[in-house]
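Report on the following structure.
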Amino acid sequence: MSTASHRPDVSPGGDLPYRLVATDLDGTLLNSAETVSERTRAALAATVAAGALHIIVTGRSATWARPVFDAIGYTGIAVCGQGAQVYHAGEHRLLTSLTLDRKLAALALGKIEAEVGPLAVAANQDGLDGAVLAGPGYRLQIGSDLPIVRVDAAELLGTPISKLYIQHPDFDDDALAQIAQQVAGDLVGVTVAGPGVVELLPVGLSKATGLAVAANRLGVKSRQTIAFGDMPNDVPMFAWAAHGVAMANAHEQLLAVADEVTVSNDEDGVALVLERLFPAAG
């Protein structure tokens, strides 16, 4: 059985609790083994069969998300790259793509390094096949099998990019993100997307902006949406949706704004809520 994808031809009845189910990927839909459990697959399939739509909203670029979508059988529209990309998984096609101004990115990096010292930096190239270029010292801490290309620091901003990743040996994710926001928040957006993943984005870009674009394509409103997530980058999505459900393993910033907390991603937290809201999913 595969995970459910969107069904844009469906016109759900008024008795559905939500028309759109928006799920984050890592730490939410995926368990620690980076797979989707059979229970969660079944719950999503039943939810879609009831007439709701399912959309994945992930911080991963389409390049990094595509193998996962293919593996779990997701063929609908997805929001990737923290909202920078709207991607049709079934057609392997980008519908929209936004880039980070490289001059602003360079200024932002300069301001942050002036405050904390040298950073380890990676850059996500724009486009469906855009690589993640990792500069000296950068170490990916999630999705260990995800491809990265090692380059010199001078090469990071040589091509159009969608975002930057930054790390520092002496500051944890939250502290580094706070400093980056304080000193460069007028140049770039800043978010924490996972362990060791502090991201610099175009100002104003978020999962919420990308989800709004995708929902408009699907003919669904924010008031008809329930969202699931686990990290601070999901905070804007929770603010946009009618109901935000945080996983038990979620970051404290997301737990603070969640409408509901379910069990962890390793305990089928998404399925538990869907089975309650859509009885057929149980």
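Labels for the structure tokens follow display order: chains A, B, ..., residues from 1 in each chain, ligands from 1.
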
Excluding Val213 of chain A and residues on its chain fewer than 5 positions from it, collect all residues at most 9 Å away from it, counting only C-alpha atoms, and give them as a PDB file with N, CA, C and O atoms, in the first residue's frame.
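Here's the written file out26.pdb:
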```
ATOM      1  N   VAL A  79       5.039  20.675  -1.320  1.00  0.00           N
ATOM      2  CA  VAL A  79       5.761  21.924  -1.081  1.00  0.00           C
ATOM      3  C   VAL A  79       7.137  21.546  -0.570  1.00  0.00           C
ATOM      4  O   VAL A  79       7.262  20.836   0.437  1.00  0.00           O
ATOM      5  N   GLY A  83       9.138  25.976   1.228  1.00  0.00           N
ATOM      6  CA  GLY A  83       8.164  26.817   0.539  1.00  0.00           C
ATOM      7  C   GLY A  83       8.672  27.394  -0.763  1.00  0.00           C
ATOM      8  O   GLY A  83       7.904  27.995  -1.511  1.00  0.00           O
ATOM      9  N   VAL A  86       7.097  24.414  -5.359  1.00  0.00           N
ATOM     10  CA  VAL A  86       5.895  23.589  -5.422  1.00  0.00           C
ATOM     11  C   VAL A  86       6.173  22.560  -6.511  1.00  0.00           C
ATOM     12  O   VAL A  86       6.468  22.908  -7.656  1.00  0.00           O
ATOM     13  N   ALA A 208       4.428  28.176   5.120  1.00  0.00           N
ATOM     14  CA  ALA A 208       3.085  28.742   4.993  1.00  0.00           C
ATOM     15  C   ALA A 208       2.881  29.384   3.628  1.00  0.00           C
ATOM     16  O   ALA A 208       1.824  29.220   3.003  1.00  0.00           O
ATOM     17  N   LEU A 218      -5.143  23.689  -5.422  1.00  0.00           N
ATOM     18  CA  LEU A 218      -6.049  22.589  -5.102  1.00  0.00           C
ATOM     19  C   LEU A 218      -7.455  23.059  -4.755  1.00  0.00           C
ATOM     20  O   LEU A 218      -8.340  22.236  -4.538  1.00  0.00           O
TER      21      LEU A 218
END
```

Give me, as JSON, numbers by chain, all polymer residues having an atom no more than 9 Å from Gly189 of chain A, counting only C-alpha atoms and skipping those fewer than 5 positions away in the same chain. {"A": [180, 181, 184, 199, 200, 201, 202, 203, 204, 205, 206]}

File of the preceding selection, all heavy atoms, as a PDB file, in the first residue's frame:
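Final file, again_7.pdb:
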```pdb
ATOM      1  N   ALA A 180      21.621  34.760  14.095  1.00  0.00           N
ATOM      2  CA  ALA A 180      21.465  35.052  12.665  1.00  0.00           C
ATOM      3  C   ALA A 180      20.274  35.969  12.428  1.00  0.00           C
ATOM      4  O   ALA A 180      20.344  36.915  11.631  1.00  0.00           O
ATOM      5  CB  ALA A 180      21.316  33.759  11.878  1.00  0.00           C
ATOM      6  N   GLN A 181      19.188  35.711  13.143  1.00  0.00           N
ATOM      7  CA  GLN A 181      17.994  36.543  12.992  1.00  0.00           C
ATOM      8  C   GLN A 181      18.271  37.965  13.478  1.00  0.00           C
ATOM      9  O   GLN A 181      17.853  38.942  12.851  1.00  0.00           O
ATOM     10  CB  GLN A 181      16.829  35.925  13.767  1.00  0.00           C
ATOM     11  CG  GLN A 181      15.537  36.723  13.726  1.00  0.00           C
ATOM     12  CD  GLN A 181      14.971  36.841  12.327  1.00  0.00           C
ATOM     13  OE1 GLN A 181      14.929  35.866  11.585  1.00  0.00           O
ATOM     14  NE2 GLN A 181      14.525  38.038  11.946  1.00  0.00           N
ATOM     15  N   ALA A 184      21.090  39.545  10.897  1.00  0.00           N
ATOM     16  CA  ALA A 184      20.886  39.494   9.444  1.00  0.00           C
ATOM     17  C   ALA A 184      19.435  39.275   9.039  1.00  0.00           C
ATOM     18  O   ALA A 184      19.149  38.999   7.884  1.00  0.00           O
ATOM     19  CB  ALA A 184      21.753  38.385   8.837  1.00  0.00           C
ATOM     20  N   GLU A 199      18.772  27.282   8.555  1.00  0.00           N
ATOM     21  CA  GLU A 199      18.682  27.677   7.154  1.00  0.00           C
ATOM     22  C   GLU A 199      18.490  29.181   7.002  1.00  0.00           C
ATOM     23  O   GLU A 199      17.796  29.817   7.809  1.00  0.00           O
ATOM     24  CB  GLU A 199      17.515  26.948   6.475  1.00  0.00           C
ATOM     25  CG  GLU A 199      17.676  25.445   6.494  1.00  0.00           C
ATOM     26  CD  GLU A 199      16.591  24.720   5.721  1.00  0.00           C
ATOM     27  OE1 GLU A 199      15.676  25.391   5.184  1.00  0.00           O
ATOM     28  OE2 GLU A 199      16.650  23.482   5.647  1.00  0.00           O
ATOM     29  N   LEU A 200      19.094  29.717   5.940  1.00  0.00           N
ATOM     30  CA  LEU A 200      18.898  31.104   5.540  1.00  0.00           C
ATOM     31  C   LEU A 200      18.089  31.089   4.244  1.00  0.00           C
ATOM     32  O   LEU A 200      18.482  30.442   3.267  1.00  0.00           O
ATOM     33  CB  LEU A 200      20.242  31.805   5.321  1.00  0.00           C
ATOM     34  CG  LEU A 200      21.254  31.736   6.468  1.00  0.00           C
ATOM     35  CD1 LEU A 200      22.491  32.561   6.128  1.00  0.00           C
ATOM     36  CD2 LEU A 200      20.636  32.198   7.783  1.00  0.00           C
ATOM     37  N   LEU A 201      16.976  31.823   4.241  1.00  0.00           N
ATOM     38  CA  LEU A 201      16.004  31.775   3.156  1.00  0.00           C
ATOM     39  C   LEU A 201      15.712  33.173   2.633  1.00  0.00           C
ATOM     40  O   LEU A 201      16.046  34.168   3.276  1.00  0.00           O
ATOM     41  CB  LEU A 201      14.685  31.168   3.671  1.00  0.00           C
ATOM     42  CG  LEU A 201      14.759  29.868   4.459  1.00  0.00           C
ATOM     43  CD1 LEU A 201      13.443  29.630   5.183  1.00  0.00           C
ATOM     44  CD2 LEU A 201      15.068  28.710   3.526  1.00  0.00           C
ATOM     45  N   PRO A 202      15.035  33.276   1.477  1.00  0.00           N
ATOM     46  CA  PRO A 202      14.530  34.588   1.075  1.00  0.00           C
ATOM     47  C   PRO A 202      13.607  35.153   2.150  1.00  0.00           C
ATOM     48  O   PRO A 202      12.817  34.412   2.751  1.00  0.00           O
ATOM     49  CB  PRO A 202      13.750  34.270  -0.215  1.00  0.00           C
ATOM     50  CG  PRO A 202      14.381  33.020  -0.739  1.00  0.00           C
ATOM     51  CD  PRO A 202      14.754  32.232   0.479  1.00  0.00           C
ATOM     52  N   VAL A 203      13.699  36.436   2.397  1.00  0.00           N
ATOM     53  CA  VAL A 203      12.857  37.068   3.415  1.00  0.00           C
ATOM     54  C   VAL A 203      11.380  36.840   3.081  1.00  0.00           C
ATOM     55  O   VAL A 203      10.946  37.036   1.946  1.00  0.00           O
ATOM     56  CB  VAL A 203      13.153  38.580   3.511  1.00  0.00           C
ATOM     57  CG1 VAL A 203      12.139  39.269   4.410  1.00  0.00           C
ATOM     58  CG2 VAL A 203      14.557  38.821   4.036  1.00  0.00           C
ATOM     59  N   GLY A 204      10.623  36.417   4.077  1.00  0.00           N
ATOM     60  CA  GLY A 204       9.195  36.202   3.899  1.00  0.00           C
ATOM     61  C   GLY A 204       8.818  34.809   3.437  1.00  0.00           C
ATOM     62  O   GLY A 204       7.641  34.443   3.486  1.00  0.00           O
ATOM     63  N   LEU A 205       9.788  34.021   3.016  1.00  0.00           N
ATOM     64  CA  LEU A 205       9.502  32.665   2.559  1.00  0.00           C
ATOM     65  C   LEU A 205       9.316  31.735   3.748  1.00  0.00           C
ATOM     66  O   LEU A 205      10.059  31.809   4.729  1.00  0.00           O
ATOM     67  CB  LEU A 205      10.634  32.151   1.676  1.00  0.00           C
ATOM     68  CG  LEU A 205      10.463  30.720   1.131  1.00  0.00           C
ATOM     69  CD1 LEU A 205       9.397  30.692   0.058  1.00  0.00           C
ATOM     70  CD2 LEU A 205      11.786  30.185   0.597  1.00  0.00           C
ATOM     71  N   SER A 206       8.336  30.846   3.676  1.00  0.00           N
ATOM     72  CA  SER A 206       8.117  29.860   4.725  1.00  0.00           C
ATOM     73  C   SER A 206       7.276  28.729   4.167  1.00  0.00           C
ATOM     74  O   SER A 206       6.751  28.803   3.050  1.00  0.00           O
ATOM     75  CB  SER A 206       7.394  30.486   5.928  1.00  0.00           C
ATOM     76  OG  SER A 206       6.044  30.779   5.604  1.00  0.00           O
TER      77      SER A 206
END
```

Contacts of segment 27-33 of chain A within 7 Å, only C-alpha atoms, excl. fewer than 3 positions in-chain, as a list in words: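 Counting only the stated atoms, we get Thr23, Asp24, Val36, Phe228, Gly229, Asp230, Met247, Asn265, Asp266 and Val270 of chain A.
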
Now that the selection is made, can you save its residues with C-alpha atoms as a PDB file, in the first residue's frame?
```pdb
ATOM      1  CA  THR A  23       2.137  16.743   6.703  1.00  0.00           C
ATOM      2  CA  ASP A  24       5.770  17.549   7.271  1.00  0.00           C
ATOM      3  CA  VAL A  36       6.233   5.487   6.439  1.00  0.00           C
ATOM      4  CA  PHE A 228       1.272  18.108  11.218  1.00  0.00           C
ATOM      5  CA  GLY A 229       4.886  18.959  12.076  1.00  0.00           C
ATOM      6  CA  ASP A 230       7.797  18.716  14.493  1.00  0.00           C
ATOM      7  CA  MET A 247       4.415  15.322  17.274  1.00  0.00           C
ATOM      8  CA  ASN A 265       6.522   9.844  14.634  1.00  0.00           C
ATOM      9  CA  ASP A 266       7.752   6.400  15.725  1.00  0.00           C
ATOM     10  CA  VAL A 270      -0.211  11.215  12.259  1.00  0.00           C
TER      11      VAL A 270
END
```

I need the helix (DSSP H, G or I) residues of segment 2-178 of chain A per DSSP on the backbone, written as a VMD selection string. chain A and resid 25 to 29 38 to 49 62 to 72 81 to 83 102 to 116 153 to 155 173 to 178

Just give me the gap between atom CA of His243 of chain A and atom CA of Leu272 of chain A in Å, one decimal is fine. 15.2 Å

Backbone-only DSSP, strand (DSSP E or B) members of segment 69-278 of chain A, as a PyMOL selection string: chain A and resi 77-80+85-88+93-97+100+120-125+132-134+149-150+161-167+189-194+197-201+225-229+243-246+260-261

Val263 of chain A: which residues within 10 Å, counting only C-alpha atoms, same-chain residues fewer than 6 positions away excluded, as a PyMOL selection string? chain A and resi 245-250+269-273

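Closest approach to Gln224 of chain A among A:Val151, A:Leu176, A:Ala212, A:Ala114: A:Ala212, based on only C-alpha atoms.
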
Quick one: everything within 6 Å of Thr63 of chain A, counting only C-alpha atoms, minus sequence neighbours fewer than 2 positions away in the same chain. Send it as an MDAnalysis selection string. chainID A and resid 61 65:66 128:129

Using only C-alpha atoms, pick whichever of A:Glu115, A:Leu187, A:Ala22, A:Gln141 has the shortest atom-to-atom distance to Gly76 of chain A.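 For Gly76 of chain A, the nearest of the candidates is A:Ala22.
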
Surrounding residues of Gly135 of chain A excluding itself and chain neighbours under 2 positions, 7 Å, only C-alpha atoms, as a PyMOL selection string: chain A and resi 120-122+133+137-138+150-153+156

Keeping only N, CA and C atoms, write the selected residues as a PDB file, in the first residue's frame.
```pdb
ATOM      1  N   ALA A 120      30.409  26.956   9.104  1.00  0.00           N
ATOM      2  CA  ALA A 120      30.390  25.901   8.103  1.00  0.00           C
ATOM      3  C   ALA A 120      29.112  26.118   7.300  1.00  0.00           C
ATOM      4  N   VAL A 121      29.225  26.173   5.976  1.00  0.00           N
ATOM      5  CA  VAL A 121      28.101  26.589   5.137  1.00  0.00           C
ATOM      6  C   VAL A 121      27.870  25.577   4.012  1.00  0.00           C
ATOM      7  N   ALA A 122      26.610  25.358   3.698  1.00  0.00           N
ATOM      8  CA  ALA A 122      26.218  24.579   2.517  1.00  0.00           C
ATOM      9  C   ALA A 122      25.174  25.375   1.766  1.00  0.00           C
ATOM     10  N   LEU A 133      25.610  21.847  -2.161  1.00  0.00           N
ATOM     11  CA  LEU A 133      27.056  22.060  -2.148  1.00  0.00           C
ATOM     12  C   LEU A 133      27.494  22.325  -0.715  1.00  0.00           C
ATOM     13  N   GLY A 137      33.974  21.812   6.402  1.00  0.00           N
ATOM     14  CA  GLY A 137      33.480  21.650   7.765  1.00  0.00           C
ATOM     15  C   GLY A 137      32.008  21.378   7.901  1.00  0.00           C
ATOM     16  N   TYR A 138      31.230  21.509   6.820  1.00  0.00           N
ATOM     17  CA  TYR A 138      29.787  21.289   6.958  1.00  0.00           C
ATOM     18  C   TYR A 138      29.497  19.797   7.035  1.00  0.00           C
ATOM     19  N   ARG A 150      31.012  18.141  -2.136  1.00  0.00           N
ATOM     20  CA  ARG A 150      32.003  18.913  -1.395  1.00  0.00           C
ATOM     21  C   ARG A 150      32.668  19.925  -2.318  1.00  0.00           C
ATOM     22  N   VAL A 151      32.678  21.191  -1.896  1.00  0.00           N
ATOM     23  CA  VAL A 151      33.262  22.250  -2.715  1.00  0.00           C
ATOM     24  C   VAL A 151      34.049  23.203  -1.826  1.00  0.00           C
ATOM     25  N   ASP A 152      34.851  24.061  -2.451  1.00  0.00           N
ATOM     26  CA  ASP A 152      35.512  25.137  -1.731  1.00  0.00           C
ATOM     27  C   ASP A 152      34.489  26.218  -1.392  1.00  0.00           C
ATOM     28  N   ALA A 153      34.766  26.979  -0.363  1.00  0.00           N
ATOM     29  CA  ALA A 153      33.831  28.027   0.070  1.00  0.00           C
ATOM     30  C   ALA A 153      33.513  29.005  -1.052  1.00  0.00           C
ATOM     31  N   LEU A 156      30.352  28.186  -3.327  1.00  0.00           N
ATOM     32  CA  LEU A 156      29.008  28.032  -2.778  1.00  0.00           C
ATOM     33  C   LEU A 156      27.982  28.950  -3.439  1.00  0.00           C
TER      34      LEU A 156
END
```

So how far away is atom CA of Asn233 of chain A from atom CA of Pro67 of chain A, in Å?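 So the two atoms, atom CA of Pro67 of chain A and atom CA of Asn233 of chain A, lie 21.7 Å apart.
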
Best match for closeness to Arg41 of chain A among A:Ala78, A:Ala215, A:Leu98, A:Ile72, counting only C-alpha atoms: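 With only C-alpha atoms as the atom set, the closest residue is A:Ile72.
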
Go through A:Val190, A:Leu211, A:Val220, A:Leu25 and flag the residue nearest Pro232 of chain A, using only C-alpha atoms for the distances. A:Val190
